[in-house]
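K.L.:
Next comes the structure file work33.tsv, holding TSV, C-alpha atoms and all ligand atoms.
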chain	number	residue	atom	x	y	z
S	1	PRO	CA	156.29	167.52	102.59
S	2	LYS	CA	154.56	167.69	99.22
S	3	THR	CA	156.43	166.22	96.31
S	4	ALA	CA	156.27	168.00	92.99
S	5	TYR	CA	154.22	166.51	90.20
S	6	VAL	CA	156.66	165.02	87.73
S	7	ARG	CA	155.32	165.13	84.20
S	8	THR	CA	156.39	161.91	82.50
S	9	LYS	CA	153.28	161.18	80.42
S	10	PRO	CA	150.81	163.39	78.60
S	11	HIS	CA	147.97	164.55	80.84
S	12	LEU	CA	144.25	164.37	80.06
S	13	ASN	CA	141.07	165.18	81.94
S	14	ILE	CA	138.26	162.68	81.73
S	15	GLY	CA	135.11	161.95	83.67
S	16	THR	CA	132.24	159.58	84.13
S	17	MET	CA	128.78	160.71	83.03
S	18	GLY	CA	125.41	158.99	83.03
S	19	HIS	CA	122.15	158.40	84.84
S	20	VAL	CA	122.07	158.18	88.61
S	21	ASP	CA	122.73	154.66	89.95
S	22	HIS	CA	124.08	153.32	86.67
S	23	GLY	CA	127.39	152.78	88.44
S	24	LYS	CA	129.63	155.80	87.74
S	25	THR	CA	131.18	155.91	91.18
S	26	THR	CA	131.57	152.14	91.41
S	27	LEU	CA	133.30	152.10	88.03
S	28	THR	CA	135.57	154.99	89.03
S	29	ALA	CA	136.62	153.05	92.12
S	30	ALA	CA	137.09	149.90	90.01
S	31	ILE	CA	139.38	151.74	87.58
S	32	THR	CA	141.61	152.86	90.44
S	33	LYS	CA	141.57	149.30	91.82
S	34	VAL	CA	142.63	147.76	88.52
S	35	LEU	CA	145.39	150.33	88.02
S	36	SER	CA	146.66	150.06	91.57
S	37	ASP	CA	146.93	146.29	91.07
S	38	ARG	CA	148.97	147.13	87.96
S	39	GLY	CA	151.09	149.53	90.00
S	40	THR	CA	150.23	152.78	88.20
S	41	GLY	CA	147.63	154.21	90.52
S	42	THR	CA	146.34	154.35	94.05
S	43	PHE	CA	143.11	152.59	94.92
S	44	VAL	CA	140.38	155.06	95.87
S	45	PRO	CA	137.45	153.29	97.53
S	46	PHE	CA	133.82	154.09	96.65
S	47	ASP	CA	133.19	155.98	99.90
S	48	ARG	CA	136.08	158.36	99.34
S	49	ILE	CA	134.81	159.23	95.86
S	50	ASP	CA	131.19	159.63	96.86
S	51	ARG	CA	131.99	161.88	99.80
S	52	ALA	CA	134.16	164.32	97.91
S	53	PRO	CA	134.60	167.63	99.68
S	54	GLU	CA	132.50	170.44	98.33
S	55	GLU	CA	134.31	173.17	96.46
S	56	ALA	CA	133.22	176.72	95.85
S	57	GLN	CA	133.56	178.04	92.35
S	58	ARG	CA	132.19	181.45	91.37
S	59	GLY	CA	129.96	181.35	94.42
S	60	ILE	CA	128.38	178.04	93.47
S	61	THR	CA	128.96	175.07	95.70
S	62	ILE	CA	129.83	172.13	93.56
S	63	ASN	CA	130.51	168.53	94.28
S	64	ILE	CA	133.30	167.07	92.29
S	65	ALA	CA	135.65	164.18	93.04
S	66	HIS	CA	139.06	164.07	91.37
S	67	VAL	CA	140.98	160.86	91.22
S	68	GLU	CA	144.29	160.56	89.49
S	69	TYR	CA	145.87	157.59	87.74
S	70	GLU	CA	148.17	156.50	84.96
S	71	THR	CA	147.72	154.00	82.20
S	72	GLY	CA	150.67	152.73	80.20
S	73	THR	CA	150.73	155.84	78.05
S	74	ARG	CA	148.92	158.63	79.86
S	75	HIS	CA	148.28	160.46	83.10
S	76	TYR	CA	144.60	161.10	83.81
S	77	ALA	CA	142.66	163.28	86.17
S	78	HIS	CA	139.26	161.64	86.40
S	79	ILE	CA	136.21	163.35	87.79
S	80	ASP	CA	133.05	161.83	89.14
S	81	MET	CA	130.08	163.79	90.39
S	82	PRO	CA	127.33	162.63	92.69
S	83	GLY	CA	124.22	164.32	91.41
S	84	HIS	CA	122.64	165.44	88.16
S	85	ALA	CA	122.68	169.11	89.19
S	86	ASP	CA	126.42	168.79	89.84
S	87	TYR	CA	126.96	167.66	86.26
S	88	ILE	CA	125.08	170.57	84.91
S	89	LYS	CA	126.83	173.11	87.08
S	90	ASN	CA	130.31	171.67	86.58
S	91	MET	CA	129.98	171.19	82.89
S	92	VAL	CA	128.35	174.48	82.03
S	93	THR	CA	130.65	176.63	84.15
S	94	GLY	CA	133.68	174.84	82.79
S	95	ALA	CA	134.70	173.55	86.23
S	96	ALA	CA	134.86	170.17	84.52
S	97	GLN	CA	137.06	170.68	81.48
S	98	LEU	CA	136.77	167.21	80.01
S	99	ASP	CA	138.98	166.09	77.15
S	100	GLY	CA	136.84	162.98	76.92
S	101	ALA	CA	134.11	161.19	78.84
S	102	ILE	CA	133.11	157.69	79.85
S	103	LEU	CA	129.36	157.41	79.43
S	104	VAL	CA	128.14	154.85	81.95
S	105	VAL	CA	124.91	153.12	80.93
S	106	SER	CA	123.34	150.29	82.87
S	107	ALA	CA	123.04	147.23	80.65
S	108	VAL	CA	119.91	146.38	82.61
S	109	GLU	CA	118.11	149.71	82.46
S	110	GLY	CA	119.38	151.19	79.21
S	111	ILE	CA	119.12	154.87	78.33
S	112	MET	CA	117.45	156.96	80.99
S	113	PRO	CA	116.68	160.71	80.98
S	114	GLN	CA	119.99	161.79	82.53
S	115	THR	CA	121.91	159.61	80.07
S	116	ALA	CA	120.45	161.62	77.23
S	117	GLU	CA	120.84	164.91	79.04
S	118	HIS	CA	124.52	164.34	79.79
S	119	VAL	CA	125.21	163.48	76.15
S	120	LEU	CA	123.48	166.69	75.09
S	121	LEU	CA	125.43	168.66	77.68
S	122	ALA	CA	128.72	167.08	76.62
S	123	ARG	CA	128.06	168.09	73.02
S	124	GLN	CA	127.20	171.62	74.07
S	125	VAL	CA	130.31	172.15	76.15
S	126	GLY	CA	132.61	170.70	73.51
S	127	VAL	CA	133.44	167.23	74.81
S	128	ASP	CA	134.27	165.65	71.46
S	129	HIS	CA	134.99	162.07	72.45
S	130	ILE	CA	132.85	159.65	74.40
S	131	VAL	CA	133.60	156.02	75.25
S	132	VAL	CA	130.68	153.93	76.48
S	133	ALA	CA	130.81	151.62	79.50
S	134	LEU	CA	127.81	149.29	79.40
S	135	ASN	CA	127.91	148.64	83.10
S	136	LYS	CA	126.26	145.97	85.23
S	137	ALA	CA	126.97	143.54	82.39
S	138	ASP	CA	127.22	140.87	85.12
S	139	MET	CA	123.44	141.18	85.51
S	140	GLY	CA	122.36	142.06	81.99
S	141	ASP	CA	120.91	139.43	79.69
S	142	PRO	CA	123.28	139.43	76.66
S	143	GLU	CA	120.51	139.88	74.09
S	144	LEU	CA	118.94	142.74	75.98
S	145	THR	CA	122.41	144.23	76.36
S	146	ASP	CA	122.77	144.10	72.55
S	147	LEU	CA	119.61	146.16	72.30
S	148	VAL	CA	120.88	148.65	74.86
S	149	GLU	CA	124.11	148.96	72.89
S	150	LEU	CA	122.17	149.71	69.69
S	151	GLU	CA	120.08	152.28	71.52
S	152	VAL	CA	123.18	153.99	72.94
S	153	ARG	CA	124.89	154.10	69.55
S	154	GLU	CA	121.75	155.71	68.10
S	155	LEU	CA	121.64	158.28	70.87
S	156	LEU	CA	125.28	159.18	70.27
S	157	SER	CA	124.79	159.44	66.51
S	158	ALA	CA	121.80	161.70	67.06
S	159	HIS	CA	124.16	164.08	68.88
S	160	GLY	CA	126.93	163.92	66.31
S	161	TYR	CA	129.19	161.46	68.10
S	162	GLY	CA	129.47	158.91	65.29
S	163	GLY	CA	127.71	156.18	67.24
S	164	ASP	CA	128.90	153.46	64.83
S	165	THR	CA	132.54	153.95	65.72
S	166	VAL	CA	132.32	154.89	69.39
S	167	PRO	CA	133.88	152.12	71.52
S	168	VAL	CA	131.30	150.33	73.66
S	169	VAL	CA	132.76	148.10	76.35
S	170	ARG	CA	130.72	145.77	78.56
S	171	VAL	CA	131.91	146.06	82.11
S	172	SER	CA	130.95	145.34	85.67
S	173	GLY	CA	132.37	147.94	87.99
S	174	LEU	CA	131.09	146.04	90.99
S	175	ARG	CA	132.62	142.67	90.02
S	176	ALA	CA	135.89	144.32	88.98
S	177	LEU	CA	136.03	146.02	92.35
S	178	GLU	CA	135.65	142.57	93.91
S	179	GLY	CA	138.65	141.39	91.88
S	180	ASP	CA	136.85	139.01	89.49
S	181	PRO	CA	139.44	138.55	86.68
S	182	ARG	CA	136.84	138.45	83.93
S	183	TRP	CA	135.65	141.90	84.90
S	184	THR	CA	138.99	143.45	85.83
S	185	GLY	CA	139.95	142.48	82.27
S	186	ALA	CA	136.87	144.33	81.00
S	187	VAL	CA	137.93	147.47	82.89
S	188	GLU	CA	141.40	147.15	81.32
S	189	ALA	CA	139.72	146.97	77.92
S	190	LEU	CA	137.73	150.09	78.74
S	191	LEU	CA	140.92	151.96	79.69
S	192	ASP	CA	142.59	150.81	76.47
S	193	ALA	CA	139.60	152.18	74.56
S	194	VAL	CA	139.95	155.53	76.36
S	195	ASP	CA	143.72	155.59	75.69
S	196	THR	CA	143.29	155.00	71.98
S	197	TYR	CA	139.96	156.65	71.18
S	198	VAL	CA	140.29	159.94	73.07
S	199	PRO	CA	142.97	161.97	71.30
S	200	MET	CA	145.40	164.25	73.04
S	201	PRO	CA	143.72	167.65	73.19
S	202	VAL	CA	145.37	170.57	71.52
S	203	ARG	CA	147.51	172.02	74.26
S	204	TYR	CA	146.33	175.42	75.27
S	205	THR	CA	149.92	176.56	75.76
S	206	ASP	CA	150.06	176.59	71.94
S	207	ALA	CA	147.04	178.91	71.67
S	208	PRO	CA	147.36	182.69	71.41
S	209	PHE	CA	148.16	184.27	74.75
S	210	LEU	CA	145.25	185.43	76.93
S	211	LEU	CA	145.20	186.68	80.50
S	212	PRO	CA	142.09	188.03	82.26
S	213	VAL	CA	143.15	190.93	84.46
S	214	GLU	CA	142.49	190.34	88.14
S	215	ASN	CA	144.35	193.30	89.61
S	216	VAL	CA	146.17	196.43	88.52
S	217	LEU	CA	148.99	198.08	90.45
S	218	THR	CA	151.69	200.64	89.99
S	219	ILE	CA	155.32	200.00	90.71
S	220	THR	CA	156.92	203.38	91.26
S	221	GLY	CA	159.49	204.11	88.63
S	222	ARG	CA	158.60	201.08	86.55
S	223	GLY	CA	154.99	201.52	85.49
S	224	THR	CA	151.72	199.67	85.45
S	225	VAL	CA	151.50	196.03	86.35
S	226	VAL	CA	148.54	193.73	85.75
S	227	THR	CA	148.17	190.42	87.53
S	228	GLY	CA	146.17	187.28	86.83
S	229	ALA	CA	146.34	183.67	85.75
S	230	VAL	CA	147.37	182.93	82.16
S	231	GLU	CA	144.27	181.32	80.63
S	232	ARG	CA	146.07	180.06	77.56
S	233	GLY	CA	149.18	180.44	75.46
S	234	THR	CA	152.57	181.72	76.51
S	235	VAL	CA	154.01	185.19	76.91
S	236	ARG	CA	157.60	186.38	76.98
S	237	VAL	CA	159.33	189.57	77.99
S	238	GLY	CA	159.39	191.74	74.86
S	239	ASP	CA	156.12	190.38	73.41
S	240	ARG	CA	153.56	192.80	71.98
S	241	VAL	CA	150.15	192.45	73.61
S	242	ALA	CA	146.73	194.05	73.25
S	243	VAL	CA	144.83	195.27	76.30
S	244	LEU	CA	141.15	194.77	75.51
S	245	GLY	CA	138.87	197.19	77.28
S	246	PRO	CA	140.91	200.34	76.67
S	247	ASP	CA	141.94	198.73	73.36
S	248	ILE	CA	145.58	199.65	73.38
S	249	GLU	CA	148.68	197.83	72.25
S	250	THR	CA	151.82	197.71	74.29
S	251	VAL	CA	154.86	195.61	75.10
S	252	VAL	CA	155.49	193.35	78.08
S	253	THR	CA	158.63	194.73	79.71
S	254	GLY	CA	158.70	192.49	82.77
S	255	LEU	CA	157.26	189.22	83.97
S	256	GLU	CA	157.12	187.83	87.48
S	257	THR	CA	155.56	184.94	89.34
S	258	PHE	CA	155.26	185.13	93.12
S	259	GLY	CA	157.90	187.84	93.21
S	260	LYS	CA	160.42	186.00	91.03
S	261	PRO	CA	161.30	187.27	87.58
S	262	MET	CA	160.68	184.92	84.69
S	263	GLU	CA	161.44	184.96	80.98
S	264	SER	CA	158.26	183.35	79.85
S	265	ALA	CA	154.93	182.39	81.42
S	266	GLU	CA	152.46	179.81	80.23
S	267	ALA	CA	148.88	178.72	80.67
S	268	GLY	CA	148.11	178.09	84.32
S	269	ASP	CA	150.83	180.38	85.70
S	270	ASN	CA	149.91	183.19	88.07
S	271	VAL	CA	151.84	186.20	86.87
S	272	ALA	CA	152.42	189.92	87.03
S	273	LEU	CA	152.97	191.65	83.68
S	274	LEU	CA	154.72	194.99	83.51
S	275	LEU	CA	153.24	196.93	80.59
S	276	ARG	CA	155.20	199.68	78.80
S	277	GLY	CA	153.71	203.16	78.89
S	278	VAL	CA	150.21	202.22	80.06
S	279	GLU	CA	148.61	204.61	82.51
S	280	ARG	CA	147.29	202.87	85.55
S	281	ASP	CA	143.74	204.19	85.36
S	282	ARG	CA	143.25	202.89	81.83
S	283	VAL	CA	143.29	199.23	82.88
S	284	ARG	CA	140.83	197.53	85.22
S	285	ARG	CA	139.92	194.14	86.57
S	286	GLY	CA	137.80	192.44	83.89
S	287	HIS	CA	139.93	193.66	81.01
S	288	VAL	CA	141.86	191.07	79.04
S	289	VAL	CA	145.48	191.08	77.88
S	290	ALA	CA	145.89	189.00	74.72
S	291	ALA	CA	148.06	188.39	71.70
S	292	PRO	CA	147.25	191.25	69.27
S	293	GLY	CA	144.49	190.33	66.82
S	294	SER	CA	143.73	187.01	68.49
S	295	VAL	CA	140.33	187.97	69.91
S	296	THR	CA	137.52	190.29	68.84
S	297	PRO	CA	135.36	191.49	71.72
S	298	SER	CA	131.62	191.21	71.23
S	299	ARG	CA	128.43	191.43	73.26
S	300	ARG	CA	125.70	189.22	71.78
S	301	PHE	CA	125.68	185.46	72.18
S	302	THR	CA	123.54	182.42	72.78
S	303	ALA	CA	124.18	180.36	75.86
S	304	ARG	CA	123.08	177.21	77.57
S	305	VAL	CA	122.22	178.11	81.14
S	306	TYR	CA	121.27	176.14	84.21
S	307	VAL	CA	118.99	178.18	86.47
S	308	LEU	CA	119.83	177.26	90.05
S	309	SER	CA	116.93	176.17	92.21
S	310	GLY	CA	116.08	177.76	95.55
S	311	ARG	CA	117.56	174.75	97.31
S	312	GLU	CA	120.87	175.46	95.59
S	313	GLY	CA	120.83	179.10	96.65
S	314	GLY	CA	119.28	180.29	93.40
S	315	ARG	CA	115.95	181.84	92.61
S	316	THR	CA	112.60	180.58	93.76
S	317	THR	CA	110.73	182.34	90.95
S	318	PRO	CA	111.13	181.92	87.17
S	319	VAL	CA	113.33	184.03	84.92
S	320	THR	CA	111.61	185.71	81.99
S	321	THR	CA	112.67	187.59	78.86
S	322	GLY	CA	113.78	191.09	79.85
S	323	TYR	CA	115.65	189.86	82.94
S	324	ARG	CA	118.83	191.97	83.49
S	325	PRO	CA	121.24	190.27	85.87
S	326	GLN	CA	125.03	190.59	86.16
S	327	PHE	CA	127.18	188.22	84.11
S	328	TYR	CA	130.49	187.11	85.63
S	329	ILE	CA	132.65	186.15	82.69
S	330	ARG	CA	136.32	185.47	83.46
S	331	THR	CA	137.17	188.39	85.78
S	332	ALA	CA	134.59	190.74	84.23
S	333	ASP	CA	131.28	191.68	85.82
S	334	VAL	CA	128.88	192.99	83.15
S	335	VAL	CA	125.15	193.58	83.03
S	336	GLY	CA	123.27	191.65	80.35
S	337	ASP	CA	119.77	191.47	78.84
S	338	VAL	CA	118.26	188.01	78.68
S	339	ASP	CA	115.99	186.86	75.86
S	340	LEU	CA	114.49	183.40	76.27
S	341	GLY	CA	112.98	183.26	72.79
S	342	GLU	CA	109.86	181.18	72.36
S	343	ALA	CA	110.17	179.47	75.73
S	344	ALA	CA	109.95	182.96	77.34
S	345	VAL	CA	110.22	181.50	80.87
S	346	ALA	CA	112.87	179.48	82.69
S	347	ARG	CA	112.01	177.96	86.04
S	348	PRO	CA	114.53	177.31	88.80
S	349	GLY	CA	116.11	173.92	88.09
S	350	ASP	CA	115.69	174.26	84.29
S	351	THR	CA	118.47	174.16	81.73
S	352	VAL	CA	117.61	176.56	78.92
S	353	THR	CA	119.00	178.24	75.82
S	354	MET	CA	119.04	182.04	75.98
S	355	THR	CA	120.26	184.98	73.96
S	356	VAL	CA	122.25	187.53	75.93
S	357	GLU	CA	123.19	191.09	75.09
S	358	LEU	CA	125.89	192.45	77.37
S	359	GLY	CA	126.23	196.10	78.33
S	360	ARG	CA	129.67	196.24	76.71
S	361	ASP	CA	131.92	194.27	74.39
S	362	ILE	CA	134.17	191.67	75.95
S	363	PRO	CA	136.22	188.82	74.49
S	364	LEU	CA	133.80	185.88	74.13
S	365	GLU	CA	134.07	182.48	72.57
S	366	PRO	CA	132.01	179.31	72.40
S	367	GLY	CA	132.65	177.09	75.39
S	368	LEU	CA	133.41	179.97	77.73
S	369	GLY	CA	131.74	179.44	81.11
S	370	PHE	CA	130.12	182.14	83.21
S	371	ALA	CA	127.98	182.69	86.26
S	372	ILE	CA	124.85	184.80	86.50
S	373	ARG	CA	124.40	186.74	89.70
S	374	GLU	CA	121.70	188.89	91.17
S	375	GLY	CA	121.75	190.73	94.47
S	376	GLY	CA	125.01	189.07	95.49
S	377	ARG	CA	123.95	185.46	94.91
S	378	THR	CA	124.53	183.12	92.02
S	379	VAL	CA	121.33	182.28	90.22
S	380	GLY	CA	122.64	180.61	87.07
S	381	ALA	CA	125.59	178.87	85.49
S	382	GLY	CA	126.11	178.96	81.76
S	383	THR	CA	128.31	178.36	78.77
S	384	VAL	CA	128.55	180.46	75.62
S	385	THR	CA	127.35	178.35	72.70
S	386	GLU	CA	127.48	180.79	69.78
S	387	LEU	CA	128.48	184.39	69.09
S	388	LEU	CA	125.90	186.50	67.25
N	1	LIG	P1	126.19	156.23	90.32
N	1	LIG	O1	125.02	156.94	90.91
N	1	LIG	O2	126.09	156.20	88.82
N	1	LIG	O3	127.51	156.74	90.80
N	1	LIG	O4	126.07	154.68	90.76
N	1	LIG	P2	126.84	153.89	91.92
N	1	LIG	O5	128.23	153.62	91.55
N	1	LIG	O6	126.59	154.59	93.20
N	1	LIG	O7	126.06	152.51	91.87
N	1	LIG	C1	124.66	152.41	92.10
N	1	LIG	C2	124.31	151.00	92.55
N	1	LIG	O8	124.57	150.07	91.51
N	1	LIG	C3	125.12	150.53	93.74
N	1	LIG	O9	124.28	149.78	94.58
N	1	LIG	C4	126.18	149.65	93.14
N	1	LIG	O10	126.66	148.66	94.00
N	1	LIG	C5	125.44	149.05	91.97
N	1	LIG	N1	126.37	148.71	90.87
N	1	LIG	C6	127.30	149.53	90.33
N	1	LIG	N2	127.97	148.90	89.36
N	1	LIG	C7	127.47	147.64	89.29
N	1	LIG	C8	127.75	146.53	88.47
N	1	LIG	O11	128.62	146.53	87.60
N	1	LIG	N3	127.02	145.40	88.68
N	1	LIG	C9	126.04	145.34	89.62
N	1	LIG	N4	125.40	144.20	89.75
N	1	LIG	N5	125.75	146.39	90.41
N	1	LIG	C10	126.44	147.53	90.25
N	2	MG	MG	127.94	158.34	92.03
Would you mind writing the file out in structure tokens?
Ligand code: GDP
Ligand code: MG

P.N.:
Amino acid sequence: PKTAYVRTKPHLNIGTMGHVDHGKTTLTAAITKVLSDRGTGTFVPFDRIDRAPEEAQRGITINIAHVEYETGTRHYAHIDMPGHADYIKNMVTGAAQLDGAILVVSAVEGIMPQTAEHVLLARQVGVDHIVVALNKADMGDPELTDLVELEVRELLSAHGYGGDTVPVVRVSGLRALEGDPRWTGAVEALLDAVDTYVPMPVRYTDAPFLLPVENVLTITGRGTVVTGAVERGTVRVGDRVAVLGPDIETVVTGLETFGKPMESAEAGDNVALLLRGVERDRVRRGHVVAAPGSVTPSRRFTARVYVLSGREGGRTTPVTTGYRPQFYIRTADVVGDVDLGEAAVARPGDTVTMTVELGRDIPLEPGLGFAIREGGRTVGAGTVTELL
């Protein structure tokens, strides 16, 4: 039988990023090894991380490995992804909601194209804290490693990460995995840096309530019920809420989860909300129930979008300005006009900035992930960067 997760320490989501073969997966395995030796985690071998089961999210198949461990002060869910395209898809769609990241850079090779691209991506999706693991330090010449460190600090500064103060720890995932005390100590130092440098994120249960409507039903004699997962905040019976779409205000008169009444629901809960005096046909899937005044729907925004390649089930031909696909944003499905600006063309496999004008106003905010679909298949994955 499954045992319930007992929350004894604050929880954070982190992940490894960096160029292919710089040692992300090896380091992830080494972290679990070091912590299992300390008694606060379970060792997850390299093979188990690298052969993570594929998951489907918004019709995109993504590869993402979750490992879980505790340090002295925190509980972490740590994600590691096998390929560069997986980073782009997971980060832009918000499948990887990282509170902080470990940037893995080979001390031997230094910054490579995907190193720079992941830093850029992290900045765009709102990962505010990066700790650097200069990996393969067992092979790196110390003076060359100094140069690599300088280079990495410069790269981070160029993207607004305050490269002078970012912790940079020299590690060897491989040697730590083998149990070499010098390098297990280095992994401990890396974890200490993560514990102290990555702050606790603002808990989204404290944010104004928001629930994207998945379904609408009528309970005879009681009224209209909307169901969905609470995206953020909390809601209680008796709270005033706004229904965005029909733009009405009402009161929550009942709250249930899996058939059981509850007094209050919070972020992550799957709930049914009974809404006072709302006619059933006024609310639809795609509408949003939120704390009154907390969100202003809009329709124009810029976004960072990864155009899926043919191999990934996406398009085989480029996207151009004037393209009008469907945008899947939360539970909404809205048509949108794409403007690619000066670039004008985005080829399959490209990550581009675009301006989008949706067919109707919906609640939008920077960092919100979405999928772009056309003829029933997903052709792009994006994140809102700015509202216009
Ligand atoms: P990823 O693509 O970033 O996940 O990289 P991997 O973890 O798969 O490692 C790529 C290769 O580098 C493998 O052959 C590892 O054994 C090797 N490697 C990883 N970390 C180290 C390290 O700290 N020292 C040395 N010498 N080799 C390493
Ligand atoms: Mg890997």

K.L.:
Excluding Gly83 of chain S and residues on its chain fewer than 2 positions from it, collect all residues at most 9 Å away from it, counting all atoms listed in the file, and give them as an MDAnalysis selection string.

P.N.:
chainID S and resid 20 63 81 85:87

K.L.:
So, with all atoms listed in the file as the atoms that count, which of S:Leu27, S:Leu155, S:Ala137, S:Val251 lies closest to ligand MG 2 (chain N)?

P.N.:
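Among the listed residues, S:Leu27 lies closest to ligand MG 2 (chain N).
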
K.L.:
Kindly compile the residues surrounding ligand MG 2 (chain N) within 9 Å, counting all atoms listed in the file, and format them as a VMD selection string.

P.N.:
chain S and resid 20 to 26 28 46 49 to 50 80 to 83

K.L.:
State, in Å with one decimal place, the distance from atom CA of Gly163 of chain S to atom CA of Met112 of chain S.

P.N.:
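These two atoms are separated by 17.2 Å.
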
K.L.:
Which residues, written as a list in words, have at least one atom at most 7 Å from segment 128-133 of chain S, with only C-alpha atoms counted and residues fewer than 2 positions away on the same chain left out?

P.N.:
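In the requested format, the answer is Gly100, Ala101, Ile102, Leu103, Val104, Val105, Arg123, Gly126, Asn135, Val166, Pro167, Val168, Val169, Arg170, Val171, Val194 and Val198 of chain S.
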
K.L.:
What's the separation between atom CA of Ala186 of chain S and atom CA of Gly173 of chain S, in Å to one decimal place?

P.N.:
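Atom CA of Gly173 of chain S lies 9.1 Å from atom CA of Ala186 of chain S.
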
K.L.:
Separation of atom CA of Phe43 of chain S and atom C9 of ligand LIG 1 (chain N), in Å?

P.N.:
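A separation of 19.3 Å between them.
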
K.L.:
Identify which of the residues S:Glu256, S:Glu266, S:Glu154, S:Asp146 lies closest to Thr205 of chain S, counting all atoms listed in the file when measuring atom-to-atom distances.

P.N.:
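Of the candidates, the smallest distance to Thr205 of chain S is held by S:Glu266.
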
K.L.:
List the spatial neighbours of Leu144 of chain S as number ranges by chain - criterion: any atom at most 12 Å away, all atoms listed in the file, same-chain residues fewer than 3 positions off excluded.

P.N.:
S: 106-110, 134, 137, 139-141, 147-151

K.L.:
Which polymer residues, protein or nucleic acid, are no farther than 12 Å from (152.3, 155.8, 78.9), counting all atoms listed in the file, as an NGL selection string?

P.N.:
:S and (7-12 or 40 or 69-76 or 192 or 195-196)

K.L.:
At a cut-off of 12 Å, using all atoms listed in the file, what residues contact Val44 of chain S? Leave out same-chain residues fewer than 6 positions from it and give the result as an MDAnalysis selection string.

P.N.:
chainID S and resid 25:37 50:52 65:69 78 177

K.L.:
Would you mind writing segment 319-330 of chain S with N, CA, C and O atoms, as a CSV table (one decimal), keeping the file's coordinate frame?

P.N.:
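part-v6.csv, written as the output of this step:
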chain,number,residue,atom,x,y,z
S,319,VAL,N,112.7,183.0,85.7
S,319,VAL,CA,113.3,184.0,84.9
S,319,VAL,C,112.5,184.2,83.6
S,319,VAL,O,112.1,183.2,83.0
S,320,THR,N,112.3,185.5,83.2
S,320,THR,CA,111.6,185.7,82.0
S,320,THR,C,112.4,186.6,81.1
S,320,THR,O,113.4,187.2,81.5
S,321,THR,N,112.0,186.7,79.8
S,321,THR,CA,112.7,187.6,78.9
S,321,THR,C,112.6,189.0,79.4
S,321,THR,O,111.6,189.4,80.0
S,322,GLY,N,113.7,189.7,79.3
S,322,GLY,CA,113.8,191.1,79.8
S,322,GLY,C,114.6,191.1,81.2
S,322,GLY,O,114.9,192.2,81.7
S,323,TYR,N,114.8,190.0,81.7
S,323,TYR,CA,115.6,189.9,82.9
S,323,TYR,C,117.0,190.5,82.7
S,323,TYR,O,117.6,190.3,81.6
S,324,ARG,N,117.5,191.3,83.7
S,324,ARG,CA,118.8,192.0,83.5
S,324,ARG,C,119.8,191.7,84.7
S,324,ARG,O,120.0,192.6,85.5
S,325,PRO,N,120.3,190.5,84.8
S,325,PRO,CA,121.2,190.3,85.9
S,325,PRO,C,122.7,190.7,85.5
S,325,PRO,O,122.9,191.2,84.4
S,326,GLN,N,123.6,190.4,86.4
S,326,GLN,CA,125.0,190.6,86.2
S,326,GLN,C,125.6,189.3,85.6
S,326,GLN,O,125.3,188.2,86.2
S,327,PHE,N,126.5,189.4,84.6
S,327,PHE,CA,127.2,188.2,84.1
S,327,PHE,C,128.6,188.3,84.6
S,327,PHE,O,129.3,189.3,84.3
S,328,TYR,N,129.1,187.2,85.2
S,328,TYR,CA,130.5,187.1,85.6
S,328,TYR,C,131.2,186.2,84.6
S,328,TYR,O,131.0,185.0,84.6
S,329,ILE,N,132.0,186.9,83.8
S,329,ILE,CA,132.6,186.2,82.7
S,329,ILE,C,134.2,186.4,82.8
S,329,ILE,O,134.6,187.5,82.8
S,330,ARG,N,134.9,185.4,83.1
S,330,ARG,CA,136.3,185.5,83.5
S,330,ARG,C,136.4,186.4,84.7
S,330,ARG,O,135.7,186.1,85.6
